[in-house]
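Visitor: One structure is given below, represented as C-alpha cells, and several questions about it will come after.
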Amino acid sequence: MPRARSVLQPVAVLLVSGLVSCNAPDPVPSLVVQRDSAGVRIIEALRPLWGDSSLQSIDPDPLVDLTRSGSGPSHEFFRVRDVRQRPDGSLMVADRGSQEVRLYSSSGEFLGSVGGTGDGPGEFRNLSKVEPSADRILALDQRGRVTVFTPDLVPTHTFDVADRVFDLHDLRDGTVLVEVRSLTEIEPGPQIIRGSSALLRYDLSGARIDSVGLIAGYEEVRRVIDDRPILGPPLFGREGHLAANGDVILVGSADLMEVRELSVIGDVVRILRIPDYPLGVTDEEVSAEREAQFDVELPPGATFPPPIRRFIEELPAPAARPAYADILVDPSGAVWLELYRGRSEQGRPQAWLVLDADGTWLGTVEAPDDFAVMDITMDAVLGVWTDELGVEHPQVLTLARTPTAM
C-alpha cells in the first residue's frame, strides 16, 4: 500500500495541475506595442485602457460662465475663436466679433480688453487666437500679424509673418511656431486637391529662424463646370492639424488614427498610432453628408445655381472619414484627438479620444451638448457653449480625472 500511494501521488499532482492550467484565464493582451525604426520610436496602442466606459468626464455645470458672470458689452460674445487659461488662473478670450482680446479673473470678473478693428498697434482684422505664457500674451491675426502684449494687455510690438497664417504656438524658448497654408491652382476635372502647410519658427522680434517642415493641409474639390471655376469642400474632407505644449510639437494628417511628435528642428521623434482604427463610412452616411451640402441659407426665393448643384451631386464618395478634427495636448502630455464629425453629424456632441503621454490609448471623453472644446488643463476644460438662442457662453468646466492602474 505505501508503494501504491507513492506511485499515485505524482499522477494526482499532474491531474490537479492540468485542471488548474485548463481553468486559468487567458493572458491579458498588451495595451501597446513599441518598436524603433530608423531612430523613431513607434508606439501602437492596441486597445483602450478604460474599456467601454470613460474614467474621465466633463461636468456640464460650469465653474465659470463669462456670459453670466457680469453684464454689459464685456460679457457679450460673438464668434469666439479662443478661450485660454493663464498660469495665474485668469482667463483670456479672443472674440472675433469685437476683434478684442479680453481678460477675466478666474471667477469671471472682467479685468480689461484690448483690440478693435484696424491696423494700428493692438488692433486686428481677423483675430483668431490668443496664446498665454508666464510673461507675455501673443495674439494672432490671420492676415499674417502677431501682436505681443504684456500680461496686463499693453501691446509692446507687432511683427509680420507669412500670409495665410492659420495657427500659432509659443514654444516657451523665446520662439513661436506658425502654420502657413499653401495655395493651389485650379485644375479641371472632378478631383480632390490637397495642399500643404509650412511650419515656421520665428523669434519674438519677428525674425524667421528656420522651417520645421511641411504637414498635410486641407482637401478641396476644384472643378470647371460650364466654363465656371468652382471650389468647394469634399465629402468628409481631411485636414492636417498642429498642436504644441512647450517644445512638444504634434502634427497629424487625419488619414489614420496617428500623430507624429516633432522636435523643434522638425525631426520625427515619436509616432503614436492606433492601427486598424475603424474609419469606414456607409452609403447612408455619404448620402446624408451630400444632402447636408445643400443645407445653407439662401436669400428668399433663391435656388442653387445649376453648376453648384451639379458640383455637389457629383462630389466623389469617399471610402473613409478623417480620423480626427483637431489635436490638443494637455499639461500632462496626454494627446486629445477630437473624433471627426461630418457636416451632417454636427448635432452629435464632441467626443475626444485620449492617448496618455506614453502612447497608451486611455479611452474617449464626451463633451456636453453644444459645447466646443478649445483648451484642456489638468482639472478643467475651456470652450464655448452655444445656447438654444445662439448666444455664445465662454465657459470653464470641471474635468474629473480618475486615476487608473495599468
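In the C-alpha cells, the first chain shown is A, the next is B, and so on; residue numbers restart at 1 for each chain, and ligands run from 1 in the order shown.
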If you count only C-alpha atoms, which residues fall within 12 Å of A:Arg194, apart from same-chain ones fewer than 4 positions away, as a ChimeraX atom specification?

Guide: /A:181-186,215-222,233-234,237-240,253

Visitor: What would the file look like if the residues just selected were written as a tab-separated table (two decimals), in the first residue's frame with N, CA, C and O atoms?

Guide:
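Resulting contents of selection_18.tsv:
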```tsv
chain	number	residue	atom	x	y	z
A	181	ARG	N	-0.58	78.10	-44.55
A	181	ARG	CA	-1.21	77.22	-45.55
A	181	ARG	C	-0.89	77.68	-46.96
A	181	ARG	O	-0.80	78.86	-47.26
A	182	SER	N	-0.73	76.71	-47.86
A	182	SER	CA	-0.35	76.99	-49.24
A	182	SER	C	-1.59	77.15	-50.11
A	182	SER	O	-2.69	76.75	-49.75
A	183	LEU	N	-1.38	77.73	-51.26
A	183	LEU	CA	-2.43	77.87	-52.27
A	183	LEU	C	-2.13	76.90	-53.41
A	183	LEU	O	-0.97	76.64	-53.74
A	184	THR	N	-3.19	76.37	-54.03
A	184	THR	CA	-3.02	75.51	-55.19
A	184	THR	C	-3.80	76.09	-56.35
A	184	THR	O	-4.77	76.83	-56.16
A	185	GLU	N	-3.40	75.76	-57.56
A	185	GLU	CA	-4.05	76.29	-58.74
A	185	GLU	C	-5.30	75.50	-59.09
A	185	GLU	O	-5.39	74.31	-58.83
A	186	ILE	N	-6.28	76.18	-59.68
A	186	ILE	CA	-7.49	75.49	-60.14
A	186	ILE	C	-7.14	74.59	-61.31
A	186	ILE	O	-6.48	75.01	-62.25
A	215	ILE	N	3.44	69.90	-43.29
A	215	ILE	CA	2.42	68.92	-42.89
A	215	ILE	C	1.29	68.98	-43.91
A	215	ILE	O	1.17	69.94	-44.68
A	216	ALA	N	0.47	67.95	-43.92
A	216	ALA	CA	-0.66	67.90	-44.85
A	216	ALA	C	-1.62	69.05	-44.57
A	216	ALA	O	-1.89	69.40	-43.42
A	217	GLY	N	-2.13	69.64	-45.62
A	217	GLY	CA	-3.11	70.71	-45.50
A	217	GLY	C	-4.53	70.18	-45.52
A	217	GLY	O	-4.81	69.11	-44.99
A	218	TYR	N	-5.40	70.93	-46.16
A	218	TYR	CA	-6.80	70.53	-46.23
A	218	TYR	C	-7.18	70.15	-47.66
A	218	TYR	O	-6.53	70.57	-48.62
A	219	GLU	N	-8.21	69.33	-47.77
A	219	GLU	CA	-8.67	68.89	-49.08
A	219	GLU	C	-9.73	69.84	-49.63
A	219	GLU	O	-10.53	70.40	-48.87
A	220	GLU	N	-9.73	69.98	-50.93
A	220	GLU	CA	-10.77	70.75	-51.60
A	220	GLU	C	-10.98	70.17	-53.00
A	220	GLU	O	-10.09	69.54	-53.57
A	221	VAL	N	-12.18	70.37	-53.49
A	221	VAL	CA	-12.52	69.93	-54.84
A	221	VAL	C	-12.59	71.17	-55.72
A	221	VAL	O	-13.30	72.13	-55.40
A	222	ARG	N	-11.85	71.15	-56.80
A	222	ARG	CA	-11.84	72.28	-57.74
A	222	ARG	C	-12.21	71.74	-59.12
A	222	ARG	O	-11.55	70.86	-59.65
A	233	PRO	N	-15.73	72.18	-50.59
A	233	PRO	CA	-15.21	71.09	-49.77
A	233	PRO	C	-15.68	69.73	-50.27
A	233	PRO	O	-16.80	69.59	-50.77
A	234	PRO	N	-14.87	68.71	-50.11
A	234	PRO	CA	-15.31	67.35	-50.46
A	234	PRO	C	-16.20	66.79	-49.37
A	234	PRO	O	-16.39	67.41	-48.31
A	237	GLY	N	-14.09	65.69	-45.88
A	237	GLY	CA	-12.76	66.17	-46.25
A	237	GLY	C	-11.76	66.11	-45.11
A	237	GLY	O	-12.08	66.40	-43.96
A	238	ARG	N	-10.54	65.74	-45.44
A	238	ARG	CA	-9.48	65.64	-44.44
A	238	ARG	C	-8.71	66.96	-44.34
A	238	ARG	O	-8.65	67.74	-45.29
A	239	GLU	N	-8.10	67.14	-43.16
A	239	GLU	CA	-7.35	68.36	-42.89
A	239	GLU	C	-6.22	68.03	-41.92
A	239	GLU	O	-6.39	67.23	-41.00
A	240	GLY	N	-5.05	68.62	-42.14
A	240	GLY	CA	-3.94	68.42	-41.23
A	240	GLY	C	-4.11	69.28	-39.98
A	240	GLY	O	-4.80	70.30	-39.99
A	253	SER	N	-2.12	64.18	-40.10
A	253	SER	CA	-2.84	64.39	-41.36
A	253	SER	C	-4.30	63.99	-41.25
A	253	SER	O	-5.08	64.32	-42.14
```

Visitor: Neighbours of A:Arg96 within 12 Å (only C-alpha atoms; same-chain residues fewer than 6 positions away dropped), as a list in words?

Guide: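 Within the cut-off, the hits are Glu76, Phe77, Phe78, Arg79, Val80, Arg81, Asp82, Val83, Arg102, Gly115, Gly116, Thr117, Glu123, Phe124, Arg125, Asn126, Leu127, Ser128, Lys129, Val130, Ala139, Leu140, Asp141 and Gln142 of chain A.
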
Visitor: Smallest atom-to-atom distance to A:Asp387: which of A:Thr67, A:Asp375, A:Glu313, A:Asp330, using only C-alpha atoms?

Guide: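 The shortest atom-to-atom distance to A:Asp387 comes from A:Thr67.
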
Visitor: List the spatial neighbours of A:Val165 as a PyMOL selection string - criterion: any atom at most 6 Å away, only C-alpha atoms, same-chain residues fewer than 6 positions off excluded.

Guide: chain A and resi 142+144+179-180

Visitor: Could you give me, as a ChimeraX atom specification, the residues within 12 Å of stretch 303-307 of chain A, counting only C-alpha atoms and dropping anything in the same chain fewer than 5 positions from it?

Guide: /A:223-231,293-298,312-314

Visitor: Could you turn the residues from that selection into a file that holds C-alpha atoms, as an mmCIF file, in the first residue's frame?

Guide:
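Printed below is result_18.cif as written:
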```
data_model
loop_
_atom_site.group_PDB
_atom_site.id
_atom_site.type_symbol
_atom_site.label_atom_id
_atom_site.label_comp_id
_atom_site.auth_asym_id
_atom_site.auth_seq_id
_atom_site.Cartn_x
_atom_site.Cartn_y
_atom_site.Cartn_z
ATOM 1 C CA ARG A 223 -13.741 71.889 -60.979
ATOM 2 C CA VAL A 224 -14.720 73.854 -64.043
ATOM 3 C CA ILE A 225 -18.420 73.386 -64.857
ATOM 4 C CA ASP A 226 -19.954 75.251 -67.795
ATOM 5 C CA ASP A 227 -16.759 77.323 -68.032
ATOM 6 C CA ARG A 228 -17.166 78.351 -64.403
ATOM 7 C CA PRO A 229 -14.411 77.539 -61.885
ATOM 8 C CA ILE A 230 -15.960 76.121 -58.718
ATOM 9 C CA LEU A 231 -14.218 75.459 -55.430
ATOM 10 C CA GLN A 293 -24.092 70.378 -48.517
ATOM 11 C CA PHE A 294 -27.404 71.819 -49.691
ATOM 12 C CA ASP A 295 -28.363 72.903 -46.173
ATOM 13 C CA VAL A 296 -27.314 76.532 -46.476
ATOM 14 C CA GLU A 297 -29.342 79.686 -46.022
ATOM 15 C CA LEU A 298 -30.235 81.309 -49.345
ATOM 16 C CA ILE A 312 -22.418 68.851 -55.119
ATOM 17 C CA GLU A 313 -24.269 65.989 -56.788
ATOM 18 C CA GLU A 314 -21.054 64.802 -58.442
#
```

Visitor: What is the distance between atom CA of A:Val32 and atom CA of A:Arg260, in Å to one decimal?

Guide: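 It comes out at 16.2 Å.
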
Visitor: Let me make sure I understand: among A:Asp356, A:Asp119, A:Glu388, A:Asp379, which one has the smallest atom-to-atom distance to A:Leu49 if we use only C-alpha atoms?

Guide: A:Asp356

Visitor: Counting only C-alpha atoms, what is within 7 Å of A:Phe159, bar same-chain residues fewer than 4 positions away, as a list in words?

Guide: Arg145, Val146, Thr147, Ser205 and Gly206 of chain A

Visitor: Could you find all residues in stretch 253-318 of chain A that DSSP calls helix (DSSP H, G or I) from the backbone, and write them as number ranges by chain?

Guide: A: 283-292, 306-313

Visitor: Keeping C-alpha atoms for every residue in the selection just given, could you write it to a file as a PDB file, in the first residue's frame?

Guide:
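The result, stored in part.pdb:
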```
ATOM      1  CA  ASP A 283     -23.641  54.642 -48.244  1.00  0.00           C
ATOM      2  CA  GLU A 284     -26.262  56.174 -45.944  1.00  0.00           C
ATOM      3  CA  GLU A 285     -23.650  58.383 -44.251  1.00  0.00           C
ATOM      4  CA  VAL A 286     -22.327  59.541 -47.617  1.00  0.00           C
ATOM      5  CA  SER A 287     -25.854  60.367 -48.805  1.00  0.00           C
ATOM      6  CA  ALA A 288     -26.586  62.326 -45.624  1.00  0.00           C
ATOM      7  CA  GLU A 289     -23.328  64.231 -45.985  1.00  0.00           C
ATOM      8  CA  ARG A 290     -24.078  65.087 -49.608  1.00  0.00           C
ATOM      9  CA  GLU A 291     -27.547  66.313 -48.667  1.00  0.00           C
ATOM     10  CA  ALA A 292     -26.068  68.449 -45.881  1.00  0.00           C
ATOM     11  CA  PRO A 306     -27.316  74.636 -61.639  1.00  0.00           C
ATOM     12  CA  PRO A 307     -23.484  74.437 -61.780  1.00  0.00           C
ATOM     13  CA  ILE A 308     -23.283  74.453 -57.966  1.00  0.00           C
ATOM     14  CA  ARG A 309     -25.993  71.799 -57.676  1.00  0.00           C
ATOM     15  CA  ARG A 310     -24.185  69.639 -60.207  1.00  0.00           C
ATOM     16  CA  PHE A 311     -20.906  70.163 -58.362  1.00  0.00           C
ATOM     17  CA  ILE A 312     -22.418  68.851 -55.119  1.00  0.00           C
ATOM     18  CA  GLU A 313     -24.269  65.989 -56.788  1.00  0.00           C
TER      19      GLU A 313
END
```

Visitor: Show me, as a tab-separated table (two decimals) with all heavy atoms, in the first residue's frame, the residues that have an atom within 8 Å of A:His157 when counting only C-alpha atoms, minus same-chain residues fewer than 4 positions from it.

Guide:
```tsv
chain	number	residue	atom	x	y	z
A	121	PRO	N	-1.48	99.57	-33.58
A	121	PRO	CA	-0.97	98.71	-32.50
A	121	PRO	C	-2.10	98.16	-31.65
A	121	PRO	O	-2.96	98.90	-31.18
A	121	PRO	CB	-0.08	99.65	-31.70
A	121	PRO	CG	0.29	100.73	-32.67
A	121	PRO	CD	-0.90	100.90	-33.57
A	147	THR	N	0.82	89.98	-32.52
A	147	THR	CA	0.98	91.08	-31.58
A	147	THR	C	1.41	90.51	-30.24
A	147	THR	O	0.83	89.53	-29.76
A	147	THR	CB	-0.34	91.86	-31.41
A	147	THR	OG1	-0.77	92.35	-32.68
A	147	THR	CG2	-0.14	93.06	-30.48
A	148	VAL	N	2.40	91.14	-29.63
A	148	VAL	CA	2.92	90.73	-28.33
A	148	VAL	C	2.44	91.75	-27.29
A	148	VAL	O	2.62	92.97	-27.47
A	148	VAL	CB	4.45	90.65	-28.33
A	148	VAL	CG1	4.96	90.16	-26.97
A	148	VAL	CG2	4.93	89.72	-29.45
A	149	PHE	N	1.82	91.24	-26.20
A	149	PHE	CA	1.30	92.08	-25.13
A	149	PHE	C	2.01	91.74	-23.82
A	149	PHE	O	2.49	90.63	-23.62
A	149	PHE	CB	-0.20	91.83	-24.92
A	149	PHE	CG	-1.06	92.17	-26.10
A	149	PHE	CD1	-1.38	91.20	-27.04
A	149	PHE	CD2	-1.57	93.45	-26.28
A	149	PHE	CE1	-2.18	91.49	-28.12
A	149	PHE	CE2	-2.36	93.75	-27.37
A	149	PHE	CZ	-2.68	92.77	-28.29
```

Visitor: Neighbouring residues of A:Leu362 were defined as those with any atom within 12 Å, considering only C-alpha atoms; residues of the same chain fewer than 3 positions away were excluded. Please report them as a ChimeraX atom specification.

Guide: /A:31-32,45-56,274,334-337,352-359,365,401-406

Visitor: Quick one: distance from atom CA of A:Asp152 to atom CA of A:Gly70 in Å, one decimal?

Guide: 19.8 Å

Visitor: Stretch 199-288 of chain A: which residues are strand (DSSP E) by DSSP, as a ChimeraX atom specification?

Guide: /A:199-203,208-225,228-232,241-245,248-252,258-262,268-273

Visitor: Would you mind exporting the chosen residues as a PDB file, in the first residue's frame, restricted to C-alpha atoms?

Guide:
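Contents of result_13.pdb, as written:
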```pdb
ATOM      1  CA  LEU A 199       5.642  75.116 -40.099  1.00  0.00           C
ATOM      2  CA  LEU A 200       7.899  78.113 -39.484  1.00  0.00           C
ATOM      3  CA  ARG A 201       9.746  79.297 -36.366  1.00  0.00           C
ATOM      4  CA  TYR A 202      10.164  82.973 -35.518  1.00  0.00           C
ATOM      5  CA  ASP A 203      11.776  84.682 -32.586  1.00  0.00           C
ATOM      6  CA  ARG A 208      12.422  83.984 -39.050  1.00  0.00           C
ATOM      7  CA  ILE A 209      14.691  81.287 -37.623  1.00  0.00           C
ATOM      8  CA  ASP A 210      14.020  78.237 -39.745  1.00  0.00           C
ATOM      9  CA  SER A 211      11.447  75.875 -41.204  1.00  0.00           C
ATOM     10  CA  VAL A 212      10.264  72.944 -39.119  1.00  0.00           C
ATOM     11  CA  GLY A 213       8.871  71.233 -42.205  1.00  0.00           C
ATOM     12  CA  LEU A 214       5.622  70.593 -44.046  1.00  0.00           C
ATOM     13  CA  ILE A 215       2.422  68.924 -42.893  1.00  0.00           C
ATOM     14  CA  ALA A 216      -0.656  67.901 -44.847  1.00  0.00           C
ATOM     15  CA  GLY A 217      -3.107  70.712 -45.497  1.00  0.00           C
ATOM     16  CA  TYR A 218      -6.802  70.527 -46.232  1.00  0.00           C
ATOM     17  CA  GLU A 219      -8.666  68.890 -49.083  1.00  0.00           C
ATOM     18  CA  GLU A 220     -10.772  70.751 -51.602  1.00  0.00           C
ATOM     19  CA  VAL A 221     -12.519  69.935 -54.844  1.00  0.00           C
ATOM     20  CA  ARG A 222     -11.841  72.275 -57.739  1.00  0.00           C
ATOM     21  CA  ARG A 223     -13.741  71.889 -60.979  1.00  0.00           C
ATOM     22  CA  VAL A 224     -14.720  73.854 -64.043  1.00  0.00           C
ATOM     23  CA  ILE A 225     -18.420  73.386 -64.857  1.00  0.00           C
ATOM     24  CA  ARG A 228     -17.166  78.351 -64.403  1.00  0.00           C
ATOM     25  CA  PRO A 229     -14.411  77.539 -61.885  1.00  0.00           C
ATOM     26  CA  ILE A 230     -15.960  76.121 -58.718  1.00  0.00           C
ATOM     27  CA  LEU A 231     -14.218  75.459 -55.430  1.00  0.00           C
ATOM     28  CA  GLY A 232     -15.799  73.561 -52.560  1.00  0.00           C
ATOM     29  CA  HIS A 241      -3.624  69.550 -37.603  1.00  0.00           C
ATOM     30  CA  LEU A 242      -0.981  71.003 -35.314  1.00  0.00           C
ATOM     31  CA  ALA A 243      -0.678  71.178 -31.513  1.00  0.00           C
ATOM     32  CA  ALA A 244       2.131  72.092 -29.140  1.00  0.00           C
ATOM     33  CA  ASN A 245       2.892  72.141 -25.444  1.00  0.00           C
ATOM     34  CA  VAL A 248       6.466  69.144 -27.696  1.00  0.00           C
ATOM     35  CA  ILE A 249       5.095  69.555 -31.229  1.00  0.00           C
ATOM     36  CA  LEU A 250       2.398  67.218 -32.530  1.00  0.00           C
ATOM     37  CA  VAL A 251       1.186  67.001 -36.115  1.00  0.00           C
ATOM     38  CA  GLY A 252      -1.244  64.760 -37.944  1.00  0.00           C
ATOM     39  CA  GLU A 258      -1.972  58.601 -35.835  1.00  0.00           C
ATOM     40  CA  VAL A 259       0.022  61.641 -34.708  1.00  0.00           C
ATOM     41  CA  ARG A 260       3.705  62.442 -35.007  1.00  0.00           C
ATOM     42  CA  GLU A 261       5.825  64.194 -32.432  1.00  0.00           C
ATOM     43  CA  LEU A 262       8.441  66.534 -33.895  1.00  0.00           C
ATOM     44  CA  VAL A 268      10.262  62.964 -36.106  1.00  0.00           C
ATOM     45  CA  VAL A 269      10.780  61.807 -32.522  1.00  0.00           C
ATOM     46  CA  ARG A 270       7.778  59.507 -31.971  1.00  0.00           C
ATOM     47  CA  ILE A 271       4.773  58.163 -33.812  1.00  0.00           C
ATOM     48  CA  LEU A 272       1.653  57.422 -31.765  1.00  0.00           C
ATOM     49  CA  ARG A 273      -0.792  55.191 -33.607  1.00  0.00           C
TER      50      ARG A 273
END
```

Visitor: Quick one, how far is atom CA of A:Thr282 from atom CA of A:Thr386?

Guide: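 For atom CA of A:Thr282 relative to atom CA of A:Thr386, the distance reads 30.0 Å.
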
Visitor: Of the candidates A:Arg348, A:Arg343, A:Arg68, A:Arg136, which shows the shortest atom-to-atom distance to A:His393, using only C-alpha atoms?

Guide: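 Looking only at the distances to A:His393, the closest residue turns out to be A:Arg68.
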